[in-house]
Amino acid sequence: GNMDDTTKKSLRDNKDKLVRPKPTGLLGFISAKEGGYSGANNSFAWSVMDNYVSNKYNKPIEALTVGQIKELQTGSSDTRELYAVGAYQMIPSVFKEAVKKLNISDDEVFTPELQDKIAMQHLILGNKRPGLADYLKGNSNNINEAMTSMAMEWASVPVPKDTRRRKSFDRASTNYNTYITVPKGDSYYAHEGNRASHNVTDTKEVLEKARVATQKDMTNFALAERTRRPNSNQGF
């Protein structure tokens with residue numbers, strides 16, 4: 001992006017300018033430290049928590065179409081306008097994978113509702129982070145694995161215990177097979193310069209509440225399906 005520093009500061013200082021409902025529960029917990037529905041960054045070059053307006057289209061992130069965001073995320077840090085976008089800070093590879101898996105058209109607008117849908121159906125309850133999805137659905141009781149999965153997806157979430165990971169995720173790097181230990185409470189991506197914005201206790205509490213809510217929603221969905229199709233043998 002080529003916004004000047006004054007414009008970026010103005011947008012940061014007026015981050016509540018766009019009035020719309022904020023996400024709640026697990027989604028609210030994540031977005032509170034990741035960004036608003038029109039948040040954006042270009043990796044470490046600059047970051048705007050909310051109300052970023054595209055240089056090319058003169059619209060906030062949540063008014064752009066999926067196709068426009070793909071276009072603006074294409075290229076290197078020197079040539080693209082955007083890297084991570086929205087309330088859940090989806091980077092180019094994650095965004096492309098999500099819209100493909102959920103069969104979302106390039107013409108759809110990246111509204112708050114669509115952002116929540118992608119986060120919940122793909123990033124949280126989909127197969128991208130099975131450790132997180134299985135815990136929330138009640139298929140696993142391993143809350144540490146669920147939290148580590150969250151930390152691997154969102155840099156603002158801390159790891160629940162000392163965690164071993166590769167020093168570099170770049171396969172061309174000579175350090176690819178060198179391992180480091182991320183201390184409990186730090187961001188999984190601390191080595192890249194990120195800092196956790198939540199603590200372990202709060203994160204586990206939110207996960208426990210989300211697990212109860214998710215299973216309640218699944219039960220209600222099953223009951224609704226039985227009522228809608230009383231003669232169906234769908235296994236609900």
# chains A, B, ... in the order shown; residues from 1 in each chain; ligands from 1

$ residues_around --residues "Ser149 of chain A" --least-positions-apart "3" --cutoff "12 Å" --atoms "only C-alpha atoms" --output "PyMOL selection string"
chain A and resi 123-125+127-136+142-146+152-155+157-160+163+187-188+207

$ select_by_dssp --residues "segment 24-190 of chain A" --states "strand (DSSP E)" --output "list in words"
Ala40, Asn41, Ser47, Val48, Thr163, Arg164, Arg165, Arg166, Tyr179, Ile180, Thr181 and Val182 of chain A

$ residues_around --residues "Gln68 of chain A" --least-positions-apart "4" --cutoff "10 Å" --atoms "only C-alpha atoms" --output "short mmCIF file (atom, residue, chain, number, x, y, z; two decimals) with N, CA and C atoms, in the first residue's frame"
data_model
loop_
_atom_site.label_atom_id
_atom_site.label_comp_id
_atom_site.auth_asym_id
_atom_site.auth_seq_id
_atom_site.Cartn_x
_atom_site.Cartn_y
_atom_site.Cartn_z
N SER A 54 -8.99 1.00 0.71
CA SER A 54 -8.12 0.59 -0.39
C SER A 54 -7.68 1.78 -1.23
N LYS A 56 -6.59 1.55 -4.27
CA LYS A 56 -7.05 1.35 -5.65
C LYS A 56 -8.54 1.56 -5.80
N TYR A 57 -9.33 1.03 -4.85
CA TYR A 57 -10.79 1.05 -5.01
C TYR A 57 -11.49 2.10 -4.14
N ILE A 61 -12.14 -2.36 3.54
CA ILE A 61 -11.98 -3.80 3.30
C ILE A 61 -13.34 -4.51 3.20
N ALA A 63 -16.11 -3.59 2.21
CA ALA A 63 -16.94 -3.23 1.05
C ALA A 63 -16.35 -3.77 -0.24
N LEU A 64 -15.17 -4.38 -0.17
CA LEU A 64 -14.53 -4.95 -1.36
C LEU A 64 -15.09 -6.34 -1.65
N LEU A 72 -5.68 -7.56 -4.68
CA LEU A 72 -4.86 -6.65 -3.88
C LEU A 72 -3.83 -7.39 -3.02
N GLN A 73 -4.07 -8.70 -2.80
CA GLN A 73 -3.12 -9.51 -2.02
C GLN A 73 -2.05 -10.16 -2.90
N ASP A 106 -16.17 -14.92 -6.38
CA ASP A 106 -15.35 -13.70 -6.40
C ASP A 106 -16.21 -12.45 -6.35
N ASP A 107 -17.50 -12.57 -6.69
CA ASP A 107 -18.39 -11.42 -6.71
C ASP A 107 -18.98 -11.10 -5.34
N GLU A 108 -18.85 -12.03 -4.40
CA GLU A 108 -19.40 -11.78 -3.07
C GLU A 108 -18.60 -10.69 -2.36
N VAL A 109 -19.30 -9.88 -1.58
CA VAL A 109 -18.64 -8.80 -0.84
C VAL A 109 -18.14 -9.35 0.50
N PHE A 110 -16.96 -8.89 0.89
CA PHE A 110 -16.28 -9.37 2.10
C PHE A 110 -16.88 -8.68 3.34
#

$ closest_residue --among "A:Tyr189, A:His122, A:Ala84, A:Tyr52" --to "Ile104 of chain A" --atoms "only C-alpha atoms"
A:His122

$ atom_distance --atom1 "atom CA of Asn42 of chain A" --atom2 "atom CA of Ser77 of chain A"
6.5 Å

$ closest_residue --among "A:Gln115, A:Thr214, A:Ser76, A:Thr65" --to "Tyr37 of chain A" --atoms "only C-alpha atoms"
A:Gln115

$ residues_around --residues "Leu102 of chain A" --least-positions-apart "3" --cutoff "10 Å" --atoms "only C-alpha atoms" --output "MDAnalysis selection string"
chainID A and resid 97:99 105 117:118 121:122 126

$ closest_residue --among "A:Thr79, A:Ser156, A:Thr148, A:Ser31" --to "Pro112 of chain A" --atoms "only C-alpha atoms"
A:Ser31

$ closest_residue --among "A:Lys137, A:Lys209, A:Lys22, A:Lys59" --to "Glu113 of chain A" --atoms "only C-alpha atoms"
A:Lys22

$ select_by_dssp --residues "segment 66-181 of chain A" --states "alpha helix (DSSP H)" --output "short mmCIF file (atom, residue, chain, number, x, y, z; two decimals) with all heavy atoms, in the first residue's frame"
data_model
loop_
_atom_site.label_atom_id
_atom_site.label_comp_id
_atom_site.auth_asym_id
_atom_site.auth_seq_id
_atom_site.Cartn_x
_atom_site.Cartn_y
_atom_site.Cartn_z
N VAL A 66 -14.61 -10.34 -2.89
CA VAL A 66 -13.60 -11.38 -2.69
C VAL A 66 -12.55 -11.31 -3.79
O VAL A 66 -11.35 -11.41 -3.54
CB VAL A 66 -14.27 -12.77 -2.66
CG1 VAL A 66 -13.25 -13.90 -2.78
CG2 VAL A 66 -15.09 -12.92 -1.38
N GLY A 67 -13.01 -11.11 -5.03
CA GLY A 67 -12.08 -11.04 -6.16
C GLY A 67 -11.13 -9.85 -6.05
O GLY A 67 -9.95 -9.95 -6.38
N GLN A 68 -11.65 -8.72 -5.58
CA GLN A 68 -10.81 -7.53 -5.42
C GLN A 68 -9.74 -7.75 -4.34
O GLN A 68 -8.58 -7.35 -4.50
CB GLN A 68 -11.68 -6.32 -5.08
CG GLN A 68 -12.49 -5.82 -6.26
CD GLN A 68 -13.52 -4.77 -5.87
OE1 GLN A 68 -13.96 -4.70 -4.71
NE2 GLN A 68 -13.93 -3.96 -6.84
N ILE A 69 -10.12 -8.42 -3.27
CA ILE A 69 -9.14 -8.69 -2.21
C ILE A 69 -8.06 -9.63 -2.71
O ILE A 69 -6.87 -9.42 -2.45
CB ILE A 69 -9.84 -9.26 -0.96
CG1 ILE A 69 -10.65 -8.15 -0.30
CG2 ILE A 69 -8.82 -9.84 0.02
CD1 ILE A 69 -11.49 -8.59 0.86
N LYS A 70 -8.45 -10.66 -3.45
CA LYS A 70 -7.45 -11.57 -4.04
C LYS A 70 -6.45 -10.78 -4.88
O LYS A 70 -5.24 -11.00 -4.81
CB LYS A 70 -8.15 -12.61 -4.92
CG LYS A 70 -8.84 -13.74 -4.18
CD LYS A 70 -9.40 -14.70 -5.23
CE LYS A 70 -10.23 -15.80 -4.62
NZ LYS A 70 -10.84 -16.65 -5.66
N GLU A 71 -6.97 -9.88 -5.67
CA GLU A 71 -6.13 -9.06 -6.56
C GLU A 71 -5.16 -8.20 -5.74
O GLU A 71 -3.96 -8.13 -6.04
CB GLU A 71 -7.02 -8.16 -7.41
CG GLU A 71 -6.26 -7.15 -8.26
CD GLU A 71 -7.15 -6.02 -8.76
OE1 GLU A 71 -8.38 -6.19 -8.76
OE2 GLU A 71 -6.59 -4.97 -9.11
N LEU A 72 -5.68 -7.56 -4.68
CA LEU A 72 -4.86 -6.65 -3.88
C LEU A 72 -3.83 -7.39 -3.02
O LEU A 72 -2.85 -6.80 -2.58
CB LEU A 72 -5.76 -5.79 -2.98
CG LEU A 72 -6.73 -4.86 -3.71
CD1 LEU A 72 -7.63 -4.14 -2.72
CD2 LEU A 72 -5.98 -3.85 -4.58
N PRO A 92 -2.90 -14.14 2.17
CA PRO A 92 -3.32 -14.57 0.83
C PRO A 92 -3.59 -16.06 0.66
O PRO A 92 -4.64 -16.45 0.14
CB PRO A 92 -2.15 -14.11 -0.06
CG PRO A 92 -1.61 -12.91 0.65
CD PRO A 92 -1.75 -13.21 2.11
N SER A 93 -2.68 -16.91 1.11
CA SER A 93 -2.86 -18.35 0.92
C SER A 93 -4.07 -18.87 1.69
O SER A 93 -4.84 -19.70 1.19
CB SER A 93 -1.60 -19.11 1.36
OG SER A 93 -1.29 -18.84 2.71
N VAL A 94 -4.27 -18.38 2.91
CA VAL A 94 -5.41 -18.79 3.74
C VAL A 94 -6.72 -18.30 3.12
O VAL A 94 -7.70 -19.05 3.05
CB VAL A 94 -5.26 -18.24 5.17
CG1 VAL A 94 -6.55 -18.46 5.98
CG2 VAL A 94 -4.08 -18.88 5.86
N PHE A 95 -6.73 -17.07 2.64
CA PHE A 95 -7.94 -16.50 2.06
C PHE A 95 -8.35 -17.28 0.81
O PHE A 95 -9.53 -17.65 0.65
CB PHE A 95 -7.71 -15.03 1.72
CG PHE A 95 -8.93 -14.31 1.23
CD1 PHE A 95 -10.01 -14.10 2.07
CD2 PHE A 95 -9.01 -13.86 -0.08
CE1 PHE A 95 -11.14 -13.44 1.62
CE2 PHE A 95 -10.12 -13.20 -0.54
CZ PHE A 95 -11.20 -12.99 0.31
N LYS A 96 -7.40 -17.54 -0.08
CA LYS A 96 -7.71 -18.28 -1.30
C LYS A 96 -8.22 -19.68 -0.99
O LYS A 96 -9.19 -20.16 -1.60
CB LYS A 96 -6.47 -18.37 -2.19
CG LYS A 96 -6.12 -17.07 -2.89
CD LYS A 96 -4.87 -17.22 -3.75
CE LYS A 96 -4.48 -15.91 -4.41
NZ LYS A 96 -3.23 -16.03 -5.18
N GLU A 97 -7.57 -20.35 -0.05
CA GLU A 97 -8.00 -21.70 0.33
C GLU A 97 -9.41 -21.68 0.91
O GLU A 97 -10.24 -22.55 0.58
CB GLU A 97 -7.02 -22.26 1.37
CG GLU A 97 -7.40 -23.65 1.89
CD GLU A 97 -6.52 -24.10 3.04
OE1 GLU A 97 -6.39 -23.34 4.04
OE2 GLU A 97 -5.97 -25.20 2.96
N ALA A 98 -9.70 -20.70 1.76
CA ALA A 98 -11.00 -20.62 2.42
C ALA A 98 -12.14 -20.41 1.42
O ALA A 98 -13.16 -21.11 1.47
CB ALA A 98 -11.00 -19.50 3.45
N VAL A 99 -11.99 -19.44 0.52
CA VAL A 99 -13.07 -19.16 -0.42
C VAL A 99 -13.28 -20.32 -1.39
O VAL A 99 -14.40 -20.58 -1.84
CB VAL A 99 -12.85 -17.83 -1.18
CG1 VAL A 99 -12.84 -16.66 -0.21
CG2 VAL A 99 -11.57 -17.84 -1.99
N LYS A 100 -12.20 -21.04 -1.68
CA LYS A 100 -12.32 -22.22 -2.56
C LYS A 100 -13.06 -23.35 -1.84
O LYS A 100 -13.99 -23.95 -2.39
CB LYS A 100 -10.94 -22.69 -3.00
CG LYS A 100 -10.98 -23.87 -3.96
CD LYS A 100 -9.57 -24.26 -4.41
CE LYS A 100 -9.62 -25.44 -5.38
NZ LYS A 100 -8.26 -25.85 -5.82
N LYS A 101 -12.67 -23.61 -0.60
CA LYS A 101 -13.29 -24.71 0.17
C LYS A 101 -14.76 -24.44 0.43
O LYS A 101 -15.59 -25.36 0.43
CB LYS A 101 -12.57 -24.87 1.50
CG LYS A 101 -11.17 -25.45 1.36
CD LYS A 101 -11.09 -26.84 1.91
CE LYS A 101 -9.67 -27.38 1.81
NZ LYS A 101 -9.58 -28.76 2.26
N PRO A 112 -18.87 -8.19 7.08
CA PRO A 112 -18.63 -8.79 8.39
C PRO A 112 -19.24 -10.19 8.51
O PRO A 112 -18.63 -11.09 9.09
CB PRO A 112 -19.32 -7.80 9.35
CG PRO A 112 -19.16 -6.48 8.67
CD PRO A 112 -19.35 -6.79 7.20
N GLU A 113 -20.43 -10.37 7.93
CA GLU A 113 -21.09 -11.67 8.00
C GLU A 113 -20.28 -12.75 7.27
O GLU A 113 -20.14 -13.87 7.76
CB GLU A 113 -22.51 -11.59 7.41
CG GLU A 113 -23.49 -10.73 8.19
CD GLU A 113 -23.29 -9.24 8.01
OE1 GLU A 113 -22.59 -8.82 7.05
OE2 GLU A 113 -23.84 -8.47 8.82
N LEU A 114 -19.74 -12.39 6.11
CA LEU A 114 -18.95 -13.35 5.35
C LEU A 114 -17.64 -13.65 6.08
O LEU A 114 -17.18 -14.80 6.11
CB LEU A 114 -18.67 -12.83 3.94
CG LEU A 114 -17.89 -13.79 3.03
CD1 LEU A 114 -18.65 -15.11 2.85
CD2 LEU A 114 -17.62 -13.15 1.66
N GLN A 115 -17.05 -12.63 6.68
CA GLN A 115 -15.81 -12.85 7.43
C GLN A 115 -16.03 -13.81 8.59
O GLN A 115 -15.22 -14.72 8.83
CB GLN A 115 -15.26 -11.51 7.94
CG GLN A 115 -14.79 -10.59 6.83
CD GLN A 115 -14.19 -9.30 7.36
OE1 GLN A 115 -13.44 -9.31 8.32
NE2 GLN A 115 -14.50 -8.19 6.70
N ASP A 116 -17.14 -13.62 9.32
CA ASP A 116 -17.46 -14.51 10.43
C ASP A 116 -17.70 -15.94 9.93
O ASP A 116 -17.27 -16.92 10.56
CB ASP A 116 -18.71 -14.03 11.16
CG ASP A 116 -18.47 -12.76 11.98
OD1 ASP A 116 -17.31 -12.33 12.09
OD2 ASP A 116 -19.46 -12.20 12.49
N LYS A 117 -18.37 -16.05 8.81
CA LYS A 117 -18.66 -17.37 8.23
C LYS A 117 -17.36 -18.10 7.89
O LYS A 117 -17.19 -19.28 8.21
CB LYS A 117 -19.52 -17.21 6.97
CG LYS A 117 -19.73 -18.51 6.20
CD LYS A 117 -20.52 -18.26 4.91
CE LYS A 117 -20.60 -19.53 4.06
NZ LYS A 117 -21.38 -19.31 2.81
N ILE A 118 -16.44 -17.41 7.23
CA ILE A 118 -15.17 -18.03 6.84
C ILE A 118 -14.39 -18.45 8.08
O ILE A 118 -13.85 -19.55 8.15
CB ILE A 118 -14.33 -17.07 5.98
CG1 ILE A 118 -15.00 -16.84 4.62
CG2 ILE A 118 -12.92 -17.62 5.77
CD1 ILE A 118 -14.33 -15.77 3.77
N PRO A 130 -7.59 -29.17 12.79
CA PRO A 130 -8.39 -30.24 13.41
C PRO A 130 -8.27 -30.30 14.92
O PRO A 130 -9.22 -30.69 15.61
CB PRO A 130 -7.84 -31.52 12.75
CG PRO A 130 -6.53 -31.14 12.15
CD PRO A 130 -6.65 -29.70 11.78
N GLY A 131 -7.13 -29.92 15.47
CA GLY A 131 -6.99 -29.93 16.93
C GLY A 131 -7.97 -28.99 17.60
O GLY A 131 -8.51 -29.29 18.68
N LEU A 132 -8.23 -27.86 16.96
CA LEU A 132 -9.19 -26.88 17.48
C LEU A 132 -10.62 -27.35 17.24
O LEU A 132 -11.45 -27.34 18.15
CB LEU A 132 -8.95 -25.53 16.81
CG LEU A 132 -9.92 -24.40 17.13
CD1 LEU A 132 -9.96 -24.10 18.62
CD2 LEU A 132 -9.55 -23.14 16.34
N ALA A 133 -10.90 -27.78 16.01
CA ALA A 133 -12.26 -28.20 15.66
C ALA A 133 -12.70 -29.41 16.49
O ALA A 133 -13.83 -29.44 16.99
CB ALA A 133 -12.32 -28.54 14.17
N ASP A 134 -11.82 -30.38 16.65
CA ASP A 134 -12.18 -31.60 17.41
C ASP A 134 -12.48 -31.29 18.87
O ASP A 134 -13.39 -31.87 19.47
CB ASP A 134 -11.07 -32.64 17.30
CG ASP A 134 -11.01 -33.31 15.94
OD1 ASP A 134 -11.99 -33.18 15.17
OD2 ASP A 134 -9.99 -33.96 15.63
N TYR A 135 -11.72 -30.37 19.44
CA TYR A 135 -11.97 -30.01 20.84
C TYR A 135 -13.33 -29.32 20.98
O TYR A 135 -14.13 -29.65 21.87
CB TYR A 135 -10.86 -29.10 21.37
CG TYR A 135 -11.15 -28.57 22.76
CD1 TYR A 135 -10.98 -29.39 23.88
CD2 TYR A 135 -11.64 -27.28 22.95
CE1 TYR A 135 -11.29 -28.93 25.14
CE2 TYR A 135 -11.94 -26.81 24.22
CZ TYR A 135 -11.77 -27.64 25.31
OH TYR A 135 -12.08 -27.18 26.57
N LEU A 136 -13.60 -28.37 20.10
CA LEU A 136 -14.87 -27.62 20.19
C LEU A 136 -16.08 -28.52 19.95
O LEU A 136 -17.13 -28.34 20.56
CB LEU A 136 -14.86 -26.46 19.20
CG LEU A 136 -13.85 -25.34 19.48
CD1 LEU A 136 -13.87 -24.31 18.37
CD2 LEU A 136 -14.15 -24.66 20.82
N LYS A 137 -15.92 -29.49 19.05
CA LYS A 137 -17.03 -30.39 18.73
C LYS A 137 -17.19 -31.52 19.74
O LYS A 137 -18.15 -32.29 19.67
CB LYS A 137 -16.82 -30.99 17.33
CG LYS A 137 -16.92 -29.98 16.21
CD LYS A 137 -16.57 -30.62 14.87
CE LYS A 137 -16.62 -29.62 13.73
NZ LYS A 137 -16.21 -30.24 12.44
N ILE A 143 -7.35 -29.68 25.40
CA ILE A 143 -7.45 -28.22 25.27
C ILE A 143 -6.11 -27.59 24.89
O ILE A 143 -6.07 -26.57 24.20
CB ILE A 143 -8.01 -27.59 26.56
CG1 ILE A 143 -8.43 -26.12 26.29
CG2 ILE A 143 -7.02 -27.70 27.72
CD1 ILE A 143 -9.21 -25.49 27.43
N ASN A 144 -5.00 -28.21 25.30
CA ASN A 144 -3.68 -27.67 24.92
C ASN A 144 -3.46 -27.76 23.42
O ASN A 144 -2.92 -26.84 22.79
CB ASN A 144 -2.57 -28.41 25.65
CG ASN A 144 -2.39 -27.92 27.08
OD1 ASN A 144 -2.91 -26.88 27.46
ND2 ASN A 144 -1.67 -28.68 27.89
N GLU A 145 -3.89 -28.87 22.83
CA GLU A 145 -3.77 -29.01 21.37
C GLU A 145 -4.66 -28.00 20.65
O GLU A 145 -4.27 -27.42 19.64
CB GLU A 145 -4.14 -30.44 20.94
CG GLU A 145 -3.88 -30.70 19.46
CD GLU A 145 -4.18 -32.12 19.05
OE1 GLU A 145 -4.45 -32.97 19.92
OE2 GLU A 145 -4.16 -32.39 17.82
N ALA A 146 -5.86 -27.78 21.20
CA ALA A 146 -6.78 -26.80 20.61
C ALA A 146 -6.17 -25.40 20.66
O ALA A 146 -6.22 -24.65 19.68
CB ALA A 146 -8.11 -26.82 21.36
N MET A 147 -5.57 -25.07 21.78
CA MET A 147 -4.99 -23.74 21.94
C MET A 147 -3.74 -23.57 21.08
O MET A 147 -3.53 -22.50 20.49
CB MET A 147 -4.63 -23.52 23.41
CG MET A 147 -4.24 -22.10 23.75
SD MET A 147 -4.19 -21.90 25.54
CE MET A 147 -3.19 -20.43 25.63
N THR A 148 -2.95 -24.63 20.96
CA THR A 148 -1.78 -24.57 20.08
C THR A 148 -2.22 -24.36 18.63
O THR A 148 -1.61 -23.59 17.88
CB THR A 148 -0.93 -25.84 20.20
OG1 THR A 148 -0.51 -26.00 21.55
CG2 THR A 148 0.29 -25.78 19.29
N SER A 149 -3.31 -25.03 18.24
CA SER A 149 -3.86 -24.86 16.89
C SER A 149 -4.27 -23.41 16.66
O SER A 149 -4.02 -22.84 15.60
CB SER A 149 -5.06 -25.78 16.68
OG SER A 149 -4.67 -27.14 16.70
N MET A 150 -4.90 -22.82 17.66
CA MET A 150 -5.28 -21.40 17.56
C MET A 150 -4.05 -20.51 17.43
O MET A 150 -4.03 -19.57 16.63
CB MET A 150 -6.05 -20.98 18.82
CG MET A 150 -7.54 -21.21 18.78
SD MET A 150 -8.34 -20.53 20.26
CE MET A 150 -8.28 -18.77 19.91
N ALA A 151 -3.03 -20.82 18.23
CA ALA A 151 -1.80 -20.01 18.22
C ALA A 151 -1.09 -20.10 16.88
O ALA A 151 -0.44 -19.15 16.44
CB ALA A 151 -0.87 -20.46 19.35
N MET A 152 -1.22 -21.26 16.21
CA MET A 152 -0.61 -21.43 14.90
C MET A 152 -1.36 -20.66 13.83
O MET A 152 -0.81 -20.31 12.79
CB MET A 152 -0.54 -22.92 14.54
CG MET A 152 0.43 -23.71 15.41
SD MET A 152 0.36 -25.49 15.11
CE MET A 152 1.15 -25.59 13.49
N GLU A 153 -2.63 -20.37 14.09
CA GLU A 153 -3.45 -19.62 13.12
C GLU A 153 -3.40 -18.13 13.38
O GLU A 153 -3.40 -17.33 12.44
CB GLU A 153 -4.90 -20.12 13.19
CG GLU A 153 -5.79 -19.60 12.08
CD GLU A 153 -5.37 -20.10 10.70
OE1 GLU A 153 -5.02 -21.30 10.58
OE2 GLU A 153 -5.37 -19.30 9.74
#

$ atom_distance --atom1 "atom CA of Gly39 of chain A" --atom2 "atom CA of Pro60 of chain A"
8.7 Å

$ residues_around --residues "Glu34 of chain A" --least-positions-apart "2" --cutoff "7 Å" --atoms "only C-alpha atoms" --output "list of chain:residue names"
A:Ile30, A:Ser31, A:Ala32, A:Ala87, A:Tyr88, A:Gln89, A:Ser156

$ decode --residues "segment 141-200 of chain A" --atoms "C-alpha atoms" --output "JSON list (two decimals), in the first residue's frame"
[["chain", "number", "residue", "atom", "x", "y", "z"],
["A", 141, "ASN", "CA", -10.58, -33.31, 25.32],
["A", 142, "ASN", "CA", -7.11, -31.95, 24.56],
["A", 143, "ILE", "CA", -7.45, -28.22, 25.27],
["A", 144, "ASN", "CA", -3.68, -27.67, 24.92],
["A", 145, "GLU", "CA", -3.77, -29.01, 21.37],
["A", 146, "ALA", "CA", -6.78, -26.80, 20.61],
["A", 147, "MET", "CA", -4.99, -23.74, 21.94],
["A", 148, "THR", "CA", -1.78, -24.57, 20.08],
["A", 149, "SER", "CA", -3.86, -24.86, 16.89],
["A", 150, "MET", "CA", -5.28, -21.40, 17.56],
["A", 151, "ALA", "CA", -1.80, -20.01, 18.22],
["A", 152, "MET", "CA", -0.61, -21.43, 14.90],
["A", 153, "GLU", "CA", -3.45, -19.62, 13.12],
["A", 154, "TRP", "CA", -3.42, -16.31, 15.01],
["A", 155, "ALA", "CA", -0.21, -14.71, 16.25],
["A", 156, "SER", "CA", -2.04, -12.87, 19.06],
["A", 157, "VAL", "CA", -2.90, -16.18, 20.79],
["A", 158, "PRO", "CA", -0.27, -17.64, 23.16],
["A", 159, "VAL", "CA", 0.97, -21.22, 23.24],
["A", 160, "PRO", "CA", -0.29, -23.11, 26.35],
["A", 161, "LYS", "CA", 3.08, -24.70, 27.15],
["A", 162, "ASP", "CA", 6.68, -24.67, 25.94],
["A", 163, "THR", "CA", 6.28, -25.60, 22.26],
["A", 164, "ARG", "CA", 8.87, -26.91, 19.81],
["A", 165, "ARG", "CA", 8.70, -25.69, 16.21],
["A", 166, "ARG", "CA", 10.90, -25.24, 13.18],
["A", 167, "LYS", "CA", 12.98, -22.09, 13.26],
["A", 168, "SER", "CA", 12.01, -21.26, 9.67],
["A", 169, "PHE", "CA", 8.95, -22.05, 7.57],
["A", 170, "ASP", "CA", 10.82, -21.21, 4.38],
["A", 171, "ARG", "CA", 11.79, -24.43, 2.64],
["A", 172, "ALA", "CA", 14.62, -22.61, 0.88],
["A", 173, "SER", "CA", 16.12, -21.61, 4.21],
["A", 174, "THR", "CA", 19.17, -23.39, 5.58],
["A", 175, "ASN", "CA", 17.50, -23.17, 9.00],
["A", 176, "TYR", "CA", 14.45, -25.18, 7.93],
["A", 177, "ASN", "CA", 15.41, -28.21, 10.02],
["A", 178, "THR", "CA", 16.65, -26.19, 13.00],
["A", 179, "TYR", "CA", 14.19, -26.30, 15.88],
["A", 180, "ILE", "CA", 13.47, -23.70, 18.54],
["A", 181, "THR", "CA", 11.28, -23.72, 21.66],
["A", 182, "VAL", "CA", 8.54, -21.14, 22.08],
["A", 183, "PRO", "CA", 8.06, -20.45, 25.82],
["A", 184, "LYS", "CA", 4.61, -20.90, 27.36],
["A", 185, "GLY", "CA", 2.55, -17.71, 26.97],
["A", 186, "ASP", "CA", 4.44, -16.40, 23.93],
["A", 187, "SER", "CA", 3.15, -16.11, 20.38],
["A", 188, "TYR", "CA", 3.86, -19.17, 18.25],
["A", 189, "TYR", "CA", 5.39, -16.65, 15.84],
["A", 190, "ALA", "CA", 7.51, -14.77, 18.41],
["A", 191, "HIS", "CA", 10.62, -15.68, 16.40],
["A", 192, "GLU", "CA", 9.20, -13.67, 13.50],
["A", 193, "GLY", "CA", 8.66, -10.62, 15.72],
["A", 194, "ASN", "CA", 5.07, -11.18, 16.88],
["A", 195, "ARG", "CA", 3.82, -10.87, 20.45],
["A", 196, "ALA", "CA", 0.89, -12.66, 22.09],
["A", 197, "SER", "CA", -1.87, -10.24, 23.11],
["A", 198, "HIS", "CA", -3.82, -12.71, 25.27],
["A", 199, "ASN", "CA", -2.76, -14.81, 28.25],
["A", 200, "VAL", "CA", -3.03, -18.58, 28.65]]
